[in-house]
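Enquirer: Dropping a structure here in structure tokens format, bear with me for questions.
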Amino acid sequence: MDIETYLSQQPTPAIAQDLLGRQLRLVTPAGMMTAWITETEAYLGAQDAGAHAFKNHQTARNQALWQSAGTIYIYQMRTQFLLNFVTQAAGVPECVLIRGIEPATGLPLMQANRPQPLKNLTNGPGKLMQALGLDKQLNGQPLNVGPLHLQLTPRRVPIKISTSGRVGIVNKGDWSSAPLRYYVTGNPWVSQSRQRDIDPETHGWQAL
DNA sequence: GTTCGGATAGTCT
DNA sequence: GACTATCCGAACC
């Protein structure tokens with residue numbers, strides 16, 4: 001299946017959950033980095049008071065959201081860049097925010113980009129972009145054409161998926177508490193995860 | 001180990 | 001001029 005089909009064949013919350021365990025791959029002149037997606041959030045477009053596209057409000061920043069499934073949407077939050085994938089057909093401004101990844105290969109490259117201990121390397125949406133060395137250059141471009149790829153295989157399968165309200169969405173009524181954040185239960189590379197919730201044996205993945 | 005406050009810059013009203 | 005889809009470090013358990 002191609003990526004555009006994969007990112008448009010289900011409702012966005014289902015896609016956000018299915019993305020857990022899929023592989024992100026970045027090809028750079030210095031080498032390749034791959035990582036497993038551990039945490040996502042769904043943003044549901046015009047109806048979603050927490051979304052940039054609420055009430056179909058188009059601005060210079062959020063143009064990419066109206067493009068086709070598989071378009072990369074990157075925007076800046078203070079000093080950080082945040083990575084999203086557009087879902088659904090062109091004209092439907094929904095997306096999934098990538099909030100955490102587990103490094104798989106290219107770890108030295110990531111630690112060169114972001115000199116932090118492994119456990120603090122990619123456990124947050126801004127942190128993982130630092131580790132990958134990405135800014136908003138790829139905003140509006142399609143996945144799997146340039147340097148950034150989303151691979152459907154190989155994949156890892158979560159033992160259990162946890163849900164919660166989305167991080168940083170406050171004073172938005174029911175949209176603040178809506179269970180649109182998804183993460184691999186027990187995985188260390190999930191934002192705000194507490195030590196006692198981590199499973200050091202499996203990292204929350206089913207055995208290969 | 002966990003919580004809290006401040007820094008920070010781009011975007012929109 | 002207000003408001004963030006964040007991160008870090010200091011302070012306190």
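The chains in the structure tokens are called A, B, ... from first to last as shown; in each chain the residues are counted from 1, and the ligands are counted from 1 in the order shown.
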Go through chain B residue by residue and, counting only C-alpha atoms (C1' of nucleotides), keep those with an atom at most 9 Å from range 2-12 of chain C; for each kept residue give the shortest atom pair and its distance in Å to one decimal, ordered by chain and increasing number, as a Markdown table.

Expert:
| residue | atom | partner | partner_atom | distance |
| --- | --- | --- | --- | --- |
| B:DT2 | C1' | C:DC12 | C1' | 8.8 |
| B:DT3 | C1' | C:DC12 | C1' | 8.1 |
| B:DC4 | C1' | C:DA11 | C1' | 8.5 |
| B:DC12 | C1' | C:DC3 | C1' | 8.8 |
| B:DT13 | C1' | C:DA2 | C1' | 8.6 |

Enquirer: Since we have the selection now, will you write its residues out, keeping all heavy atoms, as an mmCIF file, in the first residue's frame?

Expert:
data_model
loop_
_atom_site.group_PDB
_atom_site.id
_atom_site.type_symbol
_atom_site.label_atom_id
_atom_site.label_comp_id
_atom_site.auth_asym_id
_atom_site.auth_seq_id
_atom_site.Cartn_x
_atom_site.Cartn_y
_atom_site.Cartn_z
ATOM 1 P P DT B 2 8.945 9.557 39.167
ATOM 2 O OP1 DT B 2 7.835 8.652 39.472
ATOM 3 O OP2 DT B 2 9.563 9.585 37.832
ATOM 4 O "O5'" DT B 2 8.489 11.046 39.544
ATOM 5 C "C5'" DT B 2 8.098 11.337 40.878
ATOM 6 C "C4'" DT B 2 7.802 12.810 41.044
ATOM 7 O "O4'" DT B 2 9.036 13.566 41.111
ATOM 8 C "C3'" DT B 2 6.969 13.444 39.918
ATOM 9 O "O3'" DT B 2 5.858 14.089 40.508
ATOM 10 C "C2'" DT B 2 7.926 14.431 39.259
ATOM 11 C "C1'" DT B 2 8.862 14.772 40.419
ATOM 12 N N1 DT B 2 10.219 15.243 40.034
ATOM 13 C C2 DT B 2 10.692 16.434 40.556
ATOM 14 O O2 DT B 2 10.051 17.130 41.321
ATOM 15 N N3 DT B 2 11.961 16.769 40.166
ATOM 16 C C4 DT B 2 12.782 16.063 39.306
ATOM 17 O O4 DT B 2 13.908 16.472 39.027
ATOM 18 C C5 DT B 2 12.224 14.836 38.793
ATOM 19 C C7 DT B 2 13.025 14.004 37.856
ATOM 20 C C6 DT B 2 10.984 14.483 39.179
ATOM 21 P P DT B 3 4.739 14.875 39.677
ATOM 22 O OP1 DT B 3 3.436 14.569 40.271
ATOM 23 O OP2 DT B 3 4.987 14.656 38.245
ATOM 24 O "O5'" DT B 3 5.098 16.392 40.024
ATOM 25 C "C5'" DT B 3 5.246 16.762 41.390
ATOM 26 C "C4'" DT B 3 5.645 18.224 41.482
ATOM 27 O "O4'" DT B 3 7.020 18.373 41.057
ATOM 28 C "C3'" DT B 3 4.815 19.177 40.600
ATOM 29 O "O3'" DT B 3 4.510 20.339 41.364
ATOM 30 C "C2'" DT B 3 5.758 19.504 39.444
ATOM 31 C "C1'" DT B 3 7.109 19.446 40.134
ATOM 32 N N1 DT B 3 8.264 19.150 39.251
ATOM 33 C C2 DT B 3 9.398 19.916 39.352
ATOM 34 O O2 DT B 3 9.506 20.837 40.128
ATOM 35 N N3 DT B 3 10.423 19.550 38.500
ATOM 36 C C4 DT B 3 10.416 18.522 37.588
ATOM 37 O O4 DT B 3 11.394 18.299 36.887
ATOM 38 C C5 DT B 3 9.191 17.756 37.526
ATOM 39 C C7 DT B 3 9.079 16.626 36.559
ATOM 40 C C6 DT B 3 8.188 18.101 38.356
ATOM 41 P P DC B 4 3.314 21.337 40.939
ATOM 42 O OP1 DC B 4 2.482 21.591 42.118
ATOM 43 O OP2 DC B 4 2.710 20.847 39.668
ATOM 44 O "O5'" DC B 4 4.133 22.670 40.620
ATOM 45 C "C5'" DC B 4 5.007 23.194 41.628
ATOM 46 C "C4'" DC B 4 5.990 24.131 40.965
ATOM 47 O "O4'" DC B 4 6.888 23.367 40.142
ATOM 48 C "C3'" DC B 4 5.334 25.161 40.059
ATOM 49 O "O3'" DC B 4 5.580 26.461 40.584
ATOM 50 C "C2'" DC B 4 5.991 24.959 38.690
ATOM 51 C "C1'" DC B 4 7.229 24.145 39.023
ATOM 52 N N1 DC B 4 7.644 23.205 37.940
ATOM 53 C C2 DC B 4 8.958 23.226 37.480
ATOM 54 O O2 DC B 4 9.753 24.043 37.974
ATOM 55 N N3 DC B 4 9.332 22.365 36.512
ATOM 56 C C4 DC B 4 8.449 21.495 36.008
ATOM 57 N N4 DC B 4 8.873 20.667 35.071
ATOM 58 C C5 DC B 4 7.102 21.459 36.465
ATOM 59 C C6 DC B 4 6.737 22.321 37.423
ATOM 60 P P DC B 12 -0.554 32.510 11.177
ATOM 61 O OP1 DC B 12 -1.201 31.290 10.715
ATOM 62 O OP2 DC B 12 0.131 33.407 10.221
ATOM 63 O "O5'" DC B 12 -1.613 33.376 11.993
ATOM 64 C "C5'" DC B 12 -2.319 32.757 13.061
ATOM 65 C "C4'" DC B 12 -2.993 33.803 13.916
ATOM 66 O "O4'" DC B 12 -1.994 34.621 14.564
ATOM 67 C "C3'" DC B 12 -3.908 34.764 13.143
ATOM 68 O "O3'" DC B 12 -5.172 34.783 13.780
ATOM 69 C "C2'" DC B 12 -3.193 36.109 13.242
ATOM 70 C "C1'" DC B 12 -2.436 35.959 14.564
ATOM 71 N N1 DC B 12 -1.251 36.841 14.671
ATOM 72 C C2 DC B 12 -1.029 37.566 15.855
ATOM 73 O O2 DC B 12 -1.841 37.442 16.781
ATOM 74 N N3 DC B 12 0.044 38.371 15.944
ATOM 75 C C4 DC B 12 0.897 38.477 14.922
ATOM 76 N N4 DC B 12 1.957 39.273 15.059
ATOM 77 C C5 DC B 12 0.697 37.755 13.710
ATOM 78 C C6 DC B 12 -0.381 36.951 13.624
ATOM 79 P P DT B 13 -6.464 35.541 13.163
ATOM 80 O OP1 DT B 13 -7.558 34.563 13.151
ATOM 81 O OP2 DT B 13 -6.076 36.242 11.907
ATOM 82 O "O5'" DT B 13 -6.766 36.634 14.282
ATOM 83 C "C5'" DT B 13 -6.717 36.260 15.656
ATOM 84 C "C4'" DT B 13 -6.933 37.477 16.536
ATOM 85 O "O4'" DT B 13 -5.696 38.205 16.670
ATOM 86 C "C3'" DT B 13 -7.965 38.467 16.001
ATOM 87 O "O3'" DT B 13 -8.765 38.919 17.079
ATOM 88 C "C2'" DT B 13 -7.120 39.606 15.438
ATOM 89 C "C1'" DT B 13 -5.907 39.569 16.349
ATOM 90 N N1 DT B 13 -4.643 40.063 15.733
ATOM 91 C C2 DT B 13 -3.800 40.841 16.500
ATOM 92 O O2 DT B 13 -4.047 41.149 17.637
ATOM 93 N N3 DT B 13 -2.662 41.236 15.854
ATOM 94 C C4 DT B 13 -2.278 40.938 14.558
ATOM 95 O O4 DT B 13 -1.236 41.344 14.106
ATOM 96 C C5 DT B 13 -3.214 40.120 13.823
ATOM 97 C C7 DT B 13 -2.917 39.746 12.413
ATOM 98 C C6 DT B 13 -4.346 39.723 14.441
#

Enquirer: Up to 10 Å from chain A, what residues of chain B turn up? Count only C-alpha atoms (C1' of nucleotides) and give them as a ChimeraX atom specification.

Expert: /B:1-2,7-12

Enquirer: Considering only C-alpha atoms, can you say which of A:Cys95, A:Leu152, A:Ala69, A:Val167 comes closest to Gln192 in chain A?

Expert: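 That would be A:Val167, the residue with the smallest distance to Gln192 in chain A.
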
Enquirer: Give me, as number ranges by chain, the contact residues of chain A against chain C at a cut-off of 9 Å, counting only C-alpha atoms (C1' of nucleotides).

Expert: A: 41, 50-52, 77-80, 82, 97, 124-127, 166-169

Enquirer: To one decimal in Å, tell me the separation between CA of Leu150 in chain A and CA of Pro115 in chain A.

Expert: 24.9 Å

Enquirer: In range 77-110 of chain A, what's strand (DSSP E or B) per DSSP? Answer as a ChimeraX atom specification?

Expert: /A:77,80-87,94-105

Enquirer: Would you mind listing what lies within 6 Å of Ile101 in chain A as a list in words, with only C-alpha atoms (C1' of nucleotides) counted and same-chain residues fewer than 3 positions away left out?

Expert: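 My reading of the contact set: Ala35, Trp36, Ile37, Thr38 and Thr122 of chain A.
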
Enquirer: Record the distance separating CA of Glu39 in chain A and CA of Leu138 in chain A, expressed in Å with one decimal.

Expert: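 Taking CA of Glu39 in chain A as the start and CA of Leu138 in chain A as the end point, the length is 20.8 Å.
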
Enquirer: From a DSSP pass on the backbone, collect the residues of range 11-184 of chain A flagged as helix (DSSP H, G or I) and hand them back as an MDAnalysis selection string.

Expert: chainID A and resid 12:18 45:47 54:56 63:66 107:113 118:120 125:132 136:138 174:177

Enquirer: Hey, can you check how far CA of Val92 in chain A sits from CA of Leu128 in chain A?

Expert: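 Distance between the two atoms: 26.7 Å.
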
Enquirer: With a distance cut-off of 7 Å and only C-alpha atoms (C1' of nucleotides), select the neighbouring residues of Gln206 in chain A, excluding the residue or stretch itself and same-chain residues fewer than 3 positions from it, and output the selection as a ChimeraX atom specification.

Expert: /A:157-159

Enquirer: Next, dump the selected residues to file, keeping only C-alpha atoms, as an mmCIF file, in the first residue's frame.

Expert:
data_model
loop_
_atom_site.group_PDB
_atom_site.id
_atom_site.type_symbol
_atom_site.label_atom_id
_atom_site.label_comp_id
_atom_site.auth_asym_id
_atom_site.auth_seq_id
_atom_site.Cartn_x
_atom_site.Cartn_y
_atom_site.Cartn_z
ATOM 1 C CA VAL A 157 3.454 -4.110 17.594
ATOM 2 C CA PRO A 158 2.511 -2.515 20.935
ATOM 3 C CA ILE A 159 1.457 -4.867 23.732
#

Enquirer: Determine, counting only C-alpha atoms (C1' of nucleotides), which protein, DNA and RNA residues have an atom within 7 Å of an atom of Gln67 in chain A; residues of the same chain fewer than 3 positions away are not included. Present the result as a list in words.

Expert: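 Once the nearby chain positions are removed, what remains is Ala64, Thr71, Ala90 and Gly91 of chain A.
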